[in-house]
>>> print(open('query08.cif').read())   # mmCIF, C-alpha atoms
data_run
#
loop_
_atom_site.group_PDB
_atom_site.id
_atom_site.type_symbol
_atom_site.label_atom_id
_atom_site.label_comp_id
_atom_site.auth_asym_id
_atom_site.auth_seq_id
_atom_site.Cartn_x
_atom_site.Cartn_y
_atom_site.Cartn_z
ATOM 1 C CA MET R 1 17.704 93.956 49.864
ATOM 2 C CA SER R 2 14.020 94.754 50.410
ATOM 3 C CA ALA R 3 12.825 98.084 51.799
ATOM 4 C CA SER R 4 11.528 96.434 54.986
ATOM 5 C CA SER R 5 14.859 94.626 55.539
ATOM 6 C CA LEU R 6 16.723 97.897 55.056
ATOM 7 C CA LYS R 7 14.434 99.651 57.533
ATOM 8 C CA GLN R 8 14.977 96.884 60.119
ATOM 9 C CA LEU R 9 18.749 97.122 59.645
ATOM 10 C CA GLN R 10 18.641 100.921 60.112
ATOM 11 C CA GLN R 11 16.624 100.512 63.313
ATOM 12 C CA LEU R 12 19.195 98.058 64.657
ATOM 13 C CA ALA R 13 22.015 100.443 63.807
ATOM 14 C CA ALA R 14 20.291 103.448 65.400
ATOM 15 C CA PRO R 15 21.971 104.549 68.624
ATOM 16 C CA VAL R 16 20.196 103.344 71.745
ATOM 17 C CA PRO R 17 19.748 106.176 74.220
ATOM 18 C CA GLN R 18 21.227 105.701 77.652
ATOM 19 C CA LEU R 19 18.511 105.451 80.281
ATOM 20 C CA GLN R 20 18.685 106.158 83.983
ATOM 21 C CA ARG R 21 16.570 104.395 86.576
ATOM 22 C CA TRP R 22 14.636 106.617 88.988
ATOM 23 C CA TYR R 23 12.557 105.638 92.042
ATOM 24 C CA MET R 24 9.543 107.935 92.272
ATOM 25 C CA ILE R 25 7.217 108.371 95.236
ATOM 26 C CA VAL R 26 3.799 108.778 93.616
ATOM 27 C CA ASP R 27 1.351 109.426 96.422
ATOM 28 C CA GLY R 28 1.302 113.236 96.037
ATOM 29 C CA ASN R 29 1.049 113.709 99.819
ATOM 30 C CA GLN R 30 4.569 114.639 100.810
ATOM 31 C CA HIS R 31 3.145 117.078 103.371
ATOM 32 C CA ARG R 32 1.799 113.989 105.198
ATOM 33 C CA SER R 33 4.795 111.768 105.825
ATOM 34 C CA ASP R 34 2.567 109.242 107.603
ATOM 35 C CA LEU R 35 0.895 108.472 104.258
ATOM 36 C CA CYS R 36 4.165 107.441 102.656
ATOM 37 C CA GLN R 37 6.092 105.316 105.081
ATOM 38 C CA LEU R 38 9.179 103.973 103.345
ATOM 39 C CA GLN R 39 10.434 100.847 104.969
ATOM 40 C CA PRO R 40 13.769 101.437 106.692
ATOM 41 C CA GLN R 41 15.288 98.595 104.662
ATOM 42 C CA PHE R 42 14.321 100.367 101.425
ATOM 43 C CA GLN R 43 17.228 102.709 100.854
ATOM 44 C CA THR R 44 18.061 103.619 97.290
ATOM 45 C CA THR R 45 19.597 106.368 95.222
ATOM 46 C CA PHE R 46 17.984 108.607 92.615
ATOM 47 C CA MET R 47 14.628 108.997 94.304
ATOM 48 C CA LEU R 48 12.051 111.508 93.057
ATOM 49 C CA SER R 49 8.882 112.975 94.485
ATOM 50 C CA GLU R 50 6.059 113.268 91.954
ATOM 51 C CA ALA R 51 4.528 115.982 94.150
ATOM 52 C CA LEU R 52 7.516 118.215 93.306
ATOM 53 C CA ILE R 53 6.829 117.960 89.554
ATOM 54 C CA PRO R 54 3.477 119.788 89.251
ATOM 55 C CA GLN R 55 3.501 119.707 85.445
ATOM 56 C CA LEU R 56 2.530 116.027 85.688
ATOM 57 C CA ARG R 57 -0.749 116.828 87.447
ATOM 58 C CA LEU R 58 -1.618 119.536 84.921
ATOM 59 C CA VAL R 59 -0.969 117.346 81.873
ATOM 60 C CA ALA R 60 -2.789 114.366 83.452
ATOM 61 C CA MET R 61 -5.822 116.619 83.967
ATOM 62 C CA LEU R 62 -5.594 117.987 80.393
ATOM 63 C CA ILE R 63 -5.498 114.436 79.029
ATOM 64 C CA ALA R 64 -8.476 113.409 81.206
ATOM 65 C CA ALA R 65 -10.429 116.542 80.264
ATOM 66 C CA GLN R 66 -10.423 115.476 76.606
ATOM 67 C CA ARG R 67 -12.949 112.787 77.543
ATOM 68 C CA LEU R 68 -15.331 115.162 79.332
ATOM 69 C CA GLY R 69 -18.436 116.471 77.637
ATOM 70 C CA PHE R 70 -19.775 119.951 78.293
ATOM 71 C CA ASP R 71 -23.334 118.645 78.195
ATOM 72 C CA GLN R 72 -22.973 116.526 81.336
ATOM 73 C CA PRO R 73 -21.997 117.196 84.958
ATOM 74 C CA THR R 74 -18.333 116.926 85.863
ATOM 75 C CA PRO R 75 -17.641 113.570 87.531
ATOM 76 C CA ASP R 76 -16.245 113.457 91.068
ATOM 77 C CA ILE R 77 -13.085 111.792 89.761
ATOM 78 C CA ILE R 78 -11.843 113.198 86.463
ATOM 79 C CA SER R 79 -8.593 111.345 85.858
ATOM 80 C CA GLU R 80 -7.716 107.664 85.745
ATOM 81 C CA GLU R 81 -4.464 105.825 86.333
ATOM 82 C CA ALA R 82 -3.799 105.723 82.567
ATOM 83 C CA ASP R 83 -4.011 109.539 82.379
ATOM 84 C CA TRP R 84 -1.226 109.828 84.947
ATOM 85 C CA PHE R 85 0.936 107.287 83.141
ATOM 86 C CA ALA R 86 0.311 109.127 79.843
ATOM 87 C CA ALA R 87 1.420 112.366 81.501
ATOM 88 C CA ARG R 88 4.573 110.681 82.816
ATOM 89 C CA ILE R 89 5.357 109.463 79.300
ATOM 90 C CA LEU R 90 4.985 112.938 77.798
ATOM 91 C CA VAL R 91 6.251 115.213 80.577
ATOM 92 C CA MET R 92 9.066 113.095 81.976
ATOM 93 C CA GLY R 93 9.917 111.138 78.850
ATOM 94 C CA VAL R 94 9.518 107.802 80.637
ATOM 95 C CA ARG R 95 10.703 105.047 78.311
ATOM 96 C CA ILE R 96 10.362 102.092 80.691
ATOM 97 C CA PHE R 97 8.008 101.459 83.600
ATOM 98 C CA HIS R 98 8.753 98.576 85.975
ATOM 99 C CA LEU R 99 5.227 97.213 86.490
ATOM 100 C CA ASP R 100 3.304 94.143 87.461
ATOM 101 C CA ILE R 101 2.141 92.167 84.428
ATOM 102 C CA THR R 102 -1.499 92.877 85.335
ATOM 103 C CA LEU R 103 -0.932 96.507 84.303
ATOM 104 C CA ILE R 104 -0.304 95.751 80.605
ATOM 105 C CA PRO R 105 -3.820 96.911 79.539
ATOM 106 C CA MET R 106 -3.452 100.152 81.529
ATOM 107 C CA LEU R 107 -0.064 100.891 79.925
ATOM 108 C CA LYS R 108 -1.544 100.256 76.453
ATOM 109 C CA THR R 109 -4.275 102.783 77.245
ATOM 110 C CA ALA R 110 -1.708 105.247 78.610
ATOM 111 C CA ASN R 111 0.421 104.995 75.458
ATOM 112 C CA SER R 112 -2.673 105.491 73.316
ATOM 113 C CA ARG R 113 -3.765 108.577 75.279
ATOM 114 C CA ALA R 114 -0.248 110.020 75.254
ATOM 115 C CA ARG R 115 0.032 109.453 71.476
ATOM 116 C CA SER R 116 -3.358 111.085 70.861
ATOM 117 C CA PHE R 117 -2.530 114.099 73.054
ATOM 118 C CA ALA R 118 0.899 114.462 71.422
ATOM 119 C CA GLN R 119 -0.574 114.351 67.909
ATOM 120 C CA LYS R 120 -3.269 116.872 68.790
ATOM 121 C CA HIS R 121 -0.689 119.334 70.139
ATOM 122 C CA ASN R 122 2.210 118.543 67.759
ATOM 123 C CA LEU R 123 4.401 117.134 70.522
ATOM 124 C CA PRO R 124 7.090 114.467 70.233
ATOM 125 C CA PHE R 125 6.018 111.016 71.380
ATOM 126 C CA THR R 126 7.907 107.828 72.141
ATOM 127 C CA GLN R 127 5.901 104.871 73.359
ATOM 128 C CA ALA R 128 6.765 103.609 76.838
ATOM 129 C CA GLN R 129 7.651 99.977 77.404
ATOM 130 C CA MET R 130 7.065 97.766 80.403
ATOM 131 C CA ARG R 131 9.617 95.724 82.244
ATOM 132 C CA MET R 132 7.894 93.095 84.348
ATOM 133 C CA SER R 133 8.597 93.637 87.998
ATOM 134 C CA LEU R 134 7.440 92.280 91.319
ATOM 135 C CA HIS R 135 6.480 94.825 93.937
ATOM 136 C CA ALA R 136 7.227 92.654 96.975
ATOM 137 C CA SER R 137 10.412 94.407 98.056
ATOM 138 C CA ARG R 138 9.408 98.035 97.585
ATOM 139 C CA PRO R 139 6.853 100.392 99.105
ATOM 140 C CA GLU R 140 3.382 100.476 97.600
ATOM 141 C CA GLN R 141 3.708 104.152 96.596
ATOM 142 C CA MET R 142 6.994 103.641 94.730
ATOM 143 C CA LEU R 143 7.168 103.591 90.933
ATOM 144 C CA ILE R 144 10.384 102.598 89.175
ATOM 145 C CA ILE R 145 10.885 104.382 85.860
ATOM 146 C CA GLU R 146 13.666 104.770 83.314
ATOM 147 C CA THR R 147 14.202 107.974 81.336
ATOM 148 C CA GLU R 148 16.831 109.704 79.240
ATOM 149 C CA THR R 149 17.156 112.373 81.956
ATOM 150 C CA LEU R 150 20.528 111.653 83.490
ATOM 151 C CA CYS R 151 22.030 112.796 86.760
ATOM 152 C CA GLU R 152 25.631 111.973 87.582
ATOM 153 C CA GLU R 153 25.251 111.970 91.336
ATOM 154 C CA ASP R 154 22.399 111.365 93.718
ATOM 155 C CA LYS R 155 21.543 114.592 95.534
ATOM 156 C CA GLY R 156 18.652 113.371 97.651
ATOM 157 C CA LEU R 157 14.909 113.337 97.116
ATOM 158 C CA ILE R 158 14.267 117.089 96.905
ATOM 159 C CA HIS R 159 17.299 118.074 94.818
ATOM 160 C CA ASN R 160 16.826 115.100 92.496
ATOM 161 C CA SER R 161 13.189 116.127 91.971
ATOM 162 C CA LEU R 162 14.123 119.750 91.291
ATOM 163 C CA HIS R 163 16.872 118.653 88.879
ATOM 164 C CA PHE R 164 14.419 116.419 87.073
ATOM 165 C CA ALA R 165 11.733 119.139 86.944
ATOM 166 C CA HIS R 166 14.294 121.488 85.402
ATOM 167 C CA ASN R 167 15.053 118.951 82.636
ATOM 168 C CA LEU R 168 11.539 117.879 81.641
ATOM 169 C CA CYS R 169 10.789 116.672 78.115
ATOM 170 C CA LEU R 170 7.612 118.744 77.999
ATOM 171 C CA THR R 171 8.563 122.227 79.187
ATOM 172 C CA GLU R 172 6.410 124.524 81.269
ATOM 173 C CA SER R 173 6.183 127.068 78.427
ATOM 174 C CA THR R 174 4.920 124.347 76.041
ATOM 175 C CA ILE R 175 2.313 123.270 78.588
ATOM 176 C CA LEU R 176 1.168 126.886 79.038
ATOM 177 C CA THR R 177 0.880 127.260 75.263
ATOM 178 C CA ILE R 178 -1.335 124.171 75.140
ATOM 179 C CA CYS R 179 -3.508 125.558 77.965
ATOM 180 C CA ASN R 180 -3.938 128.903 76.203
ATOM 181 C CA ARG R 181 -5.035 127.467 72.854
ATOM 182 C CA PRO R 182 -8.714 127.965 72.017
#
>>> encode(input="query08.cif", output="structure tokens")
Amino acid sequence: MSASSLKQLQQLAAPVPQLQRWYMIVDGNQHRSDLCQLQPQFQTTFMLSEALIPQLRLVAMLIAAQRLGFDQPTPDIISEEADWFAARILVMGVRIFHLDITLIPMLKTANSRARSFAQKHNLPFTQAQMRMSLHASRPEQMLIIETETLCEEDKGLIHNSLHFAHNLCLTESTILTICNRP
């Protein structure tokens, strides 16, 4: 048996982690309920609010800042969509994003940025995958993700978000260590 065949067999035999599907509101404006109107017919369990997981914003900004030069003015908009997806991969351990097929290039960029940031700071990294999904039946500000963070019972938007924030893949102390490095 060749080495590559053996490696493929080992990968097939490796345990597949159980993933849980989460529905995350990603507008960051939970103080303005008028900006995130969920349709009454959209009722689901295991909802999260990205605004209640501030580590995402910090890591997205750290990833974006790597592209800034000190010899030029700071742009009005520092981060891009791929920076936020990279932060979700690293901080939340997102393994699967349910996205429209048009977002394949953005997810490739996000995985690349997450990998680069993880290597630079000696962090674990697992590339996120995409599951093609139509957005017709869900609110525009809703992102469906799958992670290894499990929760046995749905406790509502706020408690789910706090539970998730407590079980992040990239801990607050690790993020602070990264921020304090020269």
>>> resolve_selection(input="query08.cif", expression="the PyMOL selection byres ((chain R and resi 23) around 9)", output="PDB file with C-alpha atoms, in the frame of the given file")
ATOM      1  CA  ARG R  21      16.570 104.395  86.576  1.00  0.00           C
ATOM      2  CA  TRP R  22      14.636 106.617  88.988  1.00  0.00           C
ATOM      3  CA  MET R  24       9.543 107.935  92.272  1.00  0.00           C
ATOM      4  CA  ILE R  25       7.217 108.371  95.236  1.00  0.00           C
ATOM      5  CA  THR R  44      18.061 103.619  97.290  1.00  0.00           C
ATOM      6  CA  THR R  45      19.597 106.368  95.222  1.00  0.00           C
ATOM      7  CA  PHE R  46      17.984 108.607  92.615  1.00  0.00           C
ATOM      8  CA  MET R  47      14.628 108.997  94.304  1.00  0.00           C
ATOM      9  CA  LEU R  48      12.051 111.508  93.057  1.00  0.00           C
ATOM     10  CA  SER R  49       8.882 112.975  94.485  1.00  0.00           C
ATOM     11  CA  MET R 142       6.994 103.641  94.730  1.00  0.00           C
ATOM     12  CA  LEU R 143       7.168 103.591  90.933  1.00  0.00           C
ATOM     13  CA  ILE R 144      10.384 102.598  89.175  1.00  0.00           C
ATOM     14  CA  ILE R 145      10.885 104.382  85.860  1.00  0.00           C
ATOM     15  CA  GLU R 146      13.666 104.770  83.314  1.00  0.00           C
TER      16      GLU R 146
END
>>> resolve_selection(input="query08.cif", expression="the PyMOL selection byres ((chain R and resi 161) around 12)", output="NGL selection string")
:R and (22-25 or 46-54 or 92 or 149 or 151 or 154-160 or 162-168)
>>> residues_around(input="query08.cif", residues="range 101-111 of chain R", least_positions_apart="5", cutoff="10 Å", atoms="all atoms listed in the file", output="compact mmCIF listing (two decimals) with C-alpha atoms, in the coordinates of the input")
# COMPACT_ATOMS: atom_id res chain seq x y z
CA ILE R 63 -5.50 114.44 79.03
CA GLU R 80 -7.72 107.66 85.74
CA GLU R 81 -4.46 105.82 86.33
CA ALA R 82 -3.80 105.72 82.57
CA ASP R 83 -4.01 109.54 82.38
CA TRP R 84 -1.23 109.83 84.95
CA PHE R 85 0.94 107.29 83.14
CA ALA R 86 0.31 109.13 79.84
CA ALA R 87 1.42 112.37 81.50
CA ARG R 88 4.57 110.68 82.82
CA ILE R 89 5.36 109.46 79.30
CA LEU R 90 4.99 112.94 77.80
CA SER R 116 -3.36 111.08 70.86
CA PHE R 117 -2.53 114.10 73.05
CA PHE R 125 6.02 111.02 71.38
CA THR R 126 7.91 107.83 72.14
CA GLN R 127 5.90 104.87 73.36
CA ALA R 128 6.76 103.61 76.84
CA GLN R 129 7.65 99.98 77.40
CA MET R 130 7.06 97.77 80.40
CA ARG R 131 9.62 95.72 82.24
CA MET R 132 7.89 93.10 84.35
CA SER R 133 8.60 93.64 88.00
CA LEU R 134 7.44 92.28 91.32
>>> atom_distance(input="query08.cif", atom1="CA of Gln66 in chain R", atom2="CA of Thr147 in chain R")
26.2 Å
>>> atom_distance(input="query08.cif", atom1="CA of Ser173 in chain R", atom2="CA of Leu19 in chain R")
25.0 Å
>>> atom_distance(input="query08.cif", atom1="CA of Thr174 in chain R", atom2="CA of Arg95 in chain R")
20.3 Å
>>> resolve_selection(input="query08.cif", expression="the PyMOL selection byres ((chain R and resi 178) around 10)", output="ChimeraX atom specification")
/R:59,62,120-122,172-177,179-182
>>> residues_around(input="query08.cif", residues="Leu150 in chain R", least_positions_apart="2", cutoff="7 Å", atoms="all atoms listed in the file", output="number ranges by chain")
R: 20, 148, 152
>>> axis_aligned_box(input="query08.cif", around="range 93-96 of chain R", padding_each_side="4 Å", output="AutoDock Vina command-line options")
--center_x 10.1 --center_y 106.6 --center_z 79.5 --size_x 9.2 --size_y 17.0 --size_z 10.4
>>> closest_residue(input="query08.cif", among="R:Val26, R:Phe70, R:Leu58, R:Ala65", to="Thr171 in chain R", atoms="only C-alpha atoms")
R:Leu58
